Amino acid sequence: MGIRTLEEVARAAGVSRATASRVVNGSPTVGQAARQAVNRAVDELGYVPNRAARSLVTRRNDSIGVVIAEPTGRIFADPFFAEVLRGIGAGLAARHLQLVLVLCQTPEEERRAERYLTGGHLDGVILISLHGEDPLPEHLRSLGIPAVVGGAPPRGAGVTSVDNDNRGGAIAAVNHLIAQGRSAIATITGPPDMPASVTRRLGYLEALRAAGRTPDPALEEVGWFTREGGEEAMQILLERRPDIDGVFAASDLMAAGALSSLYARGRRVPQDVAIVGFDDSIVALSTHPPLSSVRQSMEEMGRELVNVLLQSAASPDGVVRHVVLETQLVVRESSAVGPVQRNGRSGGPISFQAKLPKAVGEL
């Protein structure tokens with residue numbers, strides 16, 4: 001069998017060569033029916049794009065970088081990262097693009113990663129788990145490198161982002177604990193310099209105030225988004241406030257650690273202390289009892305990160321897009337005494353756009 005051409009793919013799919021080219025090149029502007037027809041023709045004919053020649057013409061590398069600024073131990077221990085990467089990988093594979101994983105822990109690794117990201121090796125960058133006011137997203141934007149942030153972007157950074165409704169999910173979790181009659185509701189938070197952690201804590205506080213309760217700092221402790229951190233935070237909380245009867249942990253891993261501390265203190269779950277996690281990961285089903293948890297669409301988030309990044313790359317119009325995905329409270333035995341309640345939702349998907357100020361040369 002000879003080498004197949006793009007013209008043959010177009011004829012087999014019943015579309016124009018231009019449409020076939022857009023599909024093969026990963027353009028998001030092609031309709032679903034045409035995209036499926038072209039992909040089917042590519043598979044049937046065994047068409048292989050001449051990526052080397054195409055790169056010379058289009059300046060494309062067919063590679064997308066995914067940057068995770070976390071210790072490798074946490075990345076491989078937390079199901080959140082595996083699910084998001086699964087979604088990113090699927091979204092890129094559907095467009096014949098390669099995922100390049102970039103991990104950086106130390107300042108030197110961060111500098112080396114930045115040199116790589118800005119060295120022309122990639123067609124775009126997805127940034128996950130940023131801490132504090134990280135300057136990298138804004139730096140990439142200033143260099144014209146398409147970038148999207150998973151989670152809330154640093155303040156002032158004019159970059160597109162995809163996030164889950166952390167605030168709404170936290171409110172739903174705390175409202176559920178209040179509805180269960182819990183009076184001393186604690187929270188175990190993630191790192192204080194991470195937007196997801198900050199927003200979930202704010203949702204916790206908002207729900208308490210809306211119920212007419214005065215938040216108590218003694219009922220808050222940082223757990224660093226790890227199982228060990230959740231276990232230690234729960235120990236500190238119980239020493240500080242032995243009357244705790246409800247816990248909102250801002251991740252399933254921290255909730256699992258908190259369960260260990262509760263059992264070590266002889267506390268029954270949920271009879272003595274009800275607990276709700278966040279993520280609805282595989283961890284939530286592996287604990288005893290199974291965890292109530294706020295479900296965030298981690299794999300969907302990964303796919304949406306790819307969609308939004310490629311849209312931004314195809315239409316460099318200066319528009320910043322912020323997509324917020326729905327979360328949903330899944331109630332299980334760790335928080336429900338009696339019949340399990342109906343799931344609570346944070347609300348529908350939210351999407352809004354912000355126009356960037358023009359660059360100095362465009363004024």
# chains A, B, ... in the order shown; residues from 1 in each chain; ligands from 1
$ residues_around --residues "Pro146 (chain A)" --least-positions-apart "6" --cutoff "12 Å" --atoms "only C-alpha atoms" --output "ChimeraX atom specification"
/A:64-65,117-118,120,122-127,137-140,158-161,305-306,308-320
$ write_last_selection --atoms "N, CA and C atoms" --output "compact mmCIF listing (two decimals), in the first residue's frame"
# COMPACT_ATOMS: atom_id res chain seq x y z
N ILE A 64 1.98 19.88 23.15
CA ILE A 64 1.45 20.79 24.16
C ILE A 64 2.11 20.45 25.49
N GLY A 65 2.64 21.46 26.15
CA GLY A 65 3.27 21.25 27.45
C GLY A 65 2.26 21.33 28.58
N LEU A 117 9.90 26.04 27.98
CA LEU A 117 8.57 26.46 27.54
C LEU A 117 8.63 27.62 26.56
N THR A 118 9.61 28.48 26.73
CA THR A 118 9.70 29.67 25.86
C THR A 118 10.70 29.47 24.73
N GLY A 120 10.40 27.65 21.96
CA GLY A 120 9.85 27.27 20.67
C GLY A 120 9.62 25.80 20.48
N LEU A 122 7.08 24.06 21.87
CA LEU A 122 5.69 23.70 22.12
C LEU A 122 4.75 24.66 21.40
N ASP A 123 3.53 24.18 21.14
CA ASP A 123 2.52 25.02 20.51
C ASP A 123 1.61 25.69 21.53
N GLY A 124 1.70 25.30 22.78
CA GLY A 124 0.87 25.88 23.83
C GLY A 124 1.21 25.23 25.15
N VAL A 125 0.72 25.84 26.24
CA VAL A 125 1.08 25.36 27.57
C VAL A 125 -0.16 25.34 28.46
N ILE A 126 -0.33 24.24 29.19
CA ILE A 126 -1.36 24.11 30.22
C ILE A 126 -0.67 24.12 31.57
N LEU A 127 -1.10 25.01 32.45
CA LEU A 127 -0.47 25.16 33.77
C LEU A 127 -1.44 24.70 34.85
N PRO A 137 2.37 32.44 33.95
CA PRO A 137 1.29 32.61 32.97
C PRO A 137 1.36 33.95 32.24
N GLU A 138 1.60 35.02 32.97
CA GLU A 138 1.67 36.34 32.34
C GLU A 138 2.91 36.45 31.44
N HIS A 139 4.00 35.82 31.85
CA HIS A 139 5.21 35.84 31.04
C HIS A 139 4.98 35.13 29.71
N LEU A 140 4.31 33.98 29.75
CA LEU A 140 4.01 33.27 28.50
C LEU A 140 3.12 34.11 27.60
N GLY A 158 -3.43 38.15 32.61
CA GLY A 158 -4.44 38.13 31.54
C GLY A 158 -4.41 36.84 30.77
N VAL A 159 -4.71 35.73 31.43
CA VAL A 159 -4.67 34.42 30.78
C VAL A 159 -5.99 33.71 30.98
N THR A 160 -6.28 32.86 30.02
CA THR A 160 -7.50 32.06 30.04
C THR A 160 -7.38 30.97 31.11
N SER A 161 -8.52 30.55 31.66
CA SER A 161 -8.50 29.54 32.71
C SER A 161 -9.72 28.64 32.63
N LEU A 305 -9.59 22.05 29.23
CA LEU A 305 -8.34 22.80 29.15
C LEU A 305 -7.76 22.73 27.74
N VAL A 306 -7.83 21.55 27.13
CA VAL A 306 -7.34 21.39 25.76
C VAL A 306 -8.20 22.20 24.79
N VAL A 308 -10.13 24.84 25.27
CA VAL A 308 -9.97 26.28 25.42
C VAL A 308 -8.60 26.75 24.94
N LEU A 309 -7.56 25.95 25.22
CA LEU A 309 -6.22 26.32 24.76
C LEU A 309 -6.16 26.39 23.24
N LEU A 310 -6.71 25.38 22.57
CA LEU A 310 -6.65 25.35 21.11
C LEU A 310 -7.52 26.43 20.50
N GLN A 311 -8.64 26.75 21.13
CA GLN A 311 -9.47 27.87 20.66
C GLN A 311 -8.70 29.18 20.74
N SER A 312 -8.00 29.37 21.85
CA SER A 312 -7.22 30.59 22.02
C SER A 312 -6.09 30.66 21.01
N ALA A 313 -5.46 29.51 20.75
CA ALA A 313 -4.35 29.49 19.79
C ALA A 313 -4.84 29.76 18.37
N ALA A 314 -6.04 29.26 18.05
CA ALA A 314 -6.58 29.44 16.70
C ALA A 314 -7.13 30.84 16.49
N SER A 315 -7.52 31.51 17.58
CA SER A 315 -8.12 32.85 17.48
C SER A 315 -7.43 33.79 18.47
N PRO A 316 -6.22 34.21 18.16
CA PRO A 316 -5.51 35.10 19.09
C PRO A 316 -6.11 36.51 19.07
N ASP A 317 -7.32 36.63 19.64
CA ASP A 317 -8.09 37.87 19.57
C ASP A 317 -7.96 38.73 20.82
N GLY A 318 -7.10 38.31 21.76
CA GLY A 318 -6.94 39.09 22.98
C GLY A 318 -8.04 38.90 23.99
N VAL A 319 -8.96 37.98 23.73
CA VAL A 319 -10.06 37.73 24.65
C VAL A 319 -9.64 36.68 25.67
N VAL A 320 -9.82 37.00 26.94
CA VAL A 320 -9.51 36.06 28.02
C VAL A 320 -10.78 35.33 28.40
$ residues_around --residues "Val222 (chain A)" --least-positions-apart "3" --cutoff "9 Å" --atoms "only C-alpha atoms" --output "number ranges by chain"
A: 187-192, 225, 229-230, 233
$ residues_around --residues "Asp216 (chain A)" --least-positions-apart "4" --cutoff "10 Å" --atoms "only C-alpha atoms" --output "list in words"
Ala184, Ile185, Ala186, Leu205, Leu208 and Glu220 of chain A
$ select_by_dssp --residues "region 110-347 of chain A" --states "strand (DSSP E)" --output "MDAnalysis selection string"
chainID A and resid 124:128 147:150 160:164 185:189 220:222 246:249 274:279 292:296 319:325 327:330 344:345
$ select_by_dssp --residues "region 191-338 of chain A" --states "alpha helix (DSSP H)" --output "JSON, numbers by chain"
{"A": [195, 196, 197, 198, 199, 200, 201, 202, 203, 204, 205, 206, 207, 208, 209, 210, 227, 228, 229, 230, 231, 232, 233, 234, 235, 236, 237, 238, 239, 240, 252, 253, 254, 255, 256, 257, 258, 259, 260, 261, 262, 263, 264, 283, 284, 285, 286, 298, 299, 300, 301, 302, 303, 304, 305, 306, 307, 308, 309, 310, 311, 312, 313, 314]}
$ write_last_selection --atoms "C-alpha atoms" --output "short mmCIF file (atom, residue, chain, number, x, y, z; two decimals), in the first residue's frame"
data_model
loop_
_atom_site.label_atom_id
_atom_site.label_comp_id
_atom_site.auth_asym_id
_atom_site.auth_seq_id
_atom_site.Cartn_x
_atom_site.Cartn_y
_atom_site.Cartn_z
CA PRO A 195 -6.62 29.51 44.76
CA ALA A 196 -8.68 26.30 45.05
CA SER A 197 -7.88 26.04 48.74
CA VAL A 198 -8.66 29.71 49.37
CA THR A 199 -11.97 29.55 47.49
CA ARG A 200 -13.15 26.39 49.26
CA ARG A 201 -12.40 27.98 52.62
CA LEU A 202 -14.35 31.09 51.61
CA GLY A 203 -17.29 28.87 50.63
CA TYR A 204 -17.12 27.20 54.05
CA LEU A 205 -17.21 30.58 55.80
CA GLU A 206 -20.00 31.88 53.58
CA ALA A 207 -22.21 28.89 54.30
CA LEU A 208 -21.73 29.27 58.06
CA ARG A 209 -22.56 32.99 57.97
CA ALA A 210 -25.61 32.39 55.78
CA ARG A 227 -3.47 12.32 53.60
CA GLU A 228 -0.80 12.86 56.25
CA GLY A 229 -1.69 16.53 56.48
CA GLY A 230 -5.36 15.71 56.96
CA GLU A 231 -4.55 13.23 59.71
CA GLU A 232 -2.39 15.73 61.58
CA ALA A 233 -4.87 18.58 61.09
CA MET A 234 -7.68 16.45 62.54
CA GLN A 235 -5.58 15.64 65.59
CA ILE A 236 -4.92 19.35 66.18
CA LEU A 237 -8.60 20.22 65.73
CA LEU A 238 -9.76 17.57 68.20
CA GLU A 239 -7.29 18.76 70.80
CA ARG A 240 -8.42 22.33 70.28
CA ASP A 252 -10.64 13.42 49.70
CA LEU A 253 -7.05 12.63 50.68
CA MET A 254 -7.27 14.98 53.66
CA ALA A 255 -10.68 13.54 54.56
CA ALA A 256 -9.22 10.02 54.52
CA GLY A 257 -6.44 11.15 56.84
CA ALA A 258 -8.99 12.82 59.10
CA LEU A 259 -10.93 9.55 59.34
CA SER A 260 -7.82 7.80 60.68
CA SER A 261 -7.46 10.39 63.45
CA LEU A 262 -11.14 10.21 64.33
CA TYR A 263 -10.99 6.43 64.70
CA ALA A 264 -7.80 6.69 66.75
CA VAL A 283 -10.28 7.62 47.52
CA ALA A 284 -13.87 8.43 48.47
CA LEU A 285 -14.93 4.84 47.75
CA SER A 286 -11.94 3.20 49.44
CA MET A 298 -11.49 16.29 36.79
CA GLU A 299 -11.32 14.43 33.47
CA GLU A 300 -13.77 16.87 31.92
CA MET A 301 -11.60 19.69 33.21
CA GLY A 302 -8.63 18.19 31.38
CA ARG A 303 -10.55 17.96 28.11
CA GLU A 304 -11.86 21.50 28.50
CA LEU A 305 -8.34 22.80 29.15
CA VAL A 306 -7.34 21.39 25.76
CA ASN A 307 -10.43 22.80 24.02
CA VAL A 308 -9.97 26.28 25.42
CA LEU A 309 -6.22 26.32 24.76
CA LEU A 310 -6.65 25.35 21.11
CA GLN A 311 -9.47 27.87 20.66
CA SER A 312 -7.22 30.59 22.02
CA ALA A 313 -4.35 29.49 19.79
CA ALA A 314 -6.58 29.44 16.70
#
$ closest_residue --among "A:Asp245, A:Asp193, A:Asp272, A:Asp165" --to "Leu329 (chain A)" --atoms "only C-alpha atoms"
A:Asp165
$ atom_distance --atom1 "CA of Leu92 (chain A)" --atom2 "CA of Val66 (chain A)"
11.2 Å
$ atom_distance --atom1 "CA of Val324 (chain A)" --atom2 "CA of Asn164 (chain A)"
5.1 Å
$ closest_residue --among "A:His121, A:Arg267, A:Arg321, A:Arg74" --to "Asp163 (chain A)" --atoms "only C-alpha atoms"
A:Arg321
$ closest_residue --among "A:Glu8, A:Ala90, A:Gly31, A:Val330" --to "Glu44 (chain A)" --atoms "only C-alpha atoms"
A:Glu8
$ closest_residue --among "A:Pro79, A:Pro290, A:Gly14, A:Pro242" --to "Gln36 (chain A)" --atoms "only C-alpha atoms"
A:Gly14
$ closest_residue --among "A:Val38, A:Phe248, A:Gln180, A:Val276" --to "Arg17 (chain A)" --atoms "only C-alpha atoms"
A:Val38
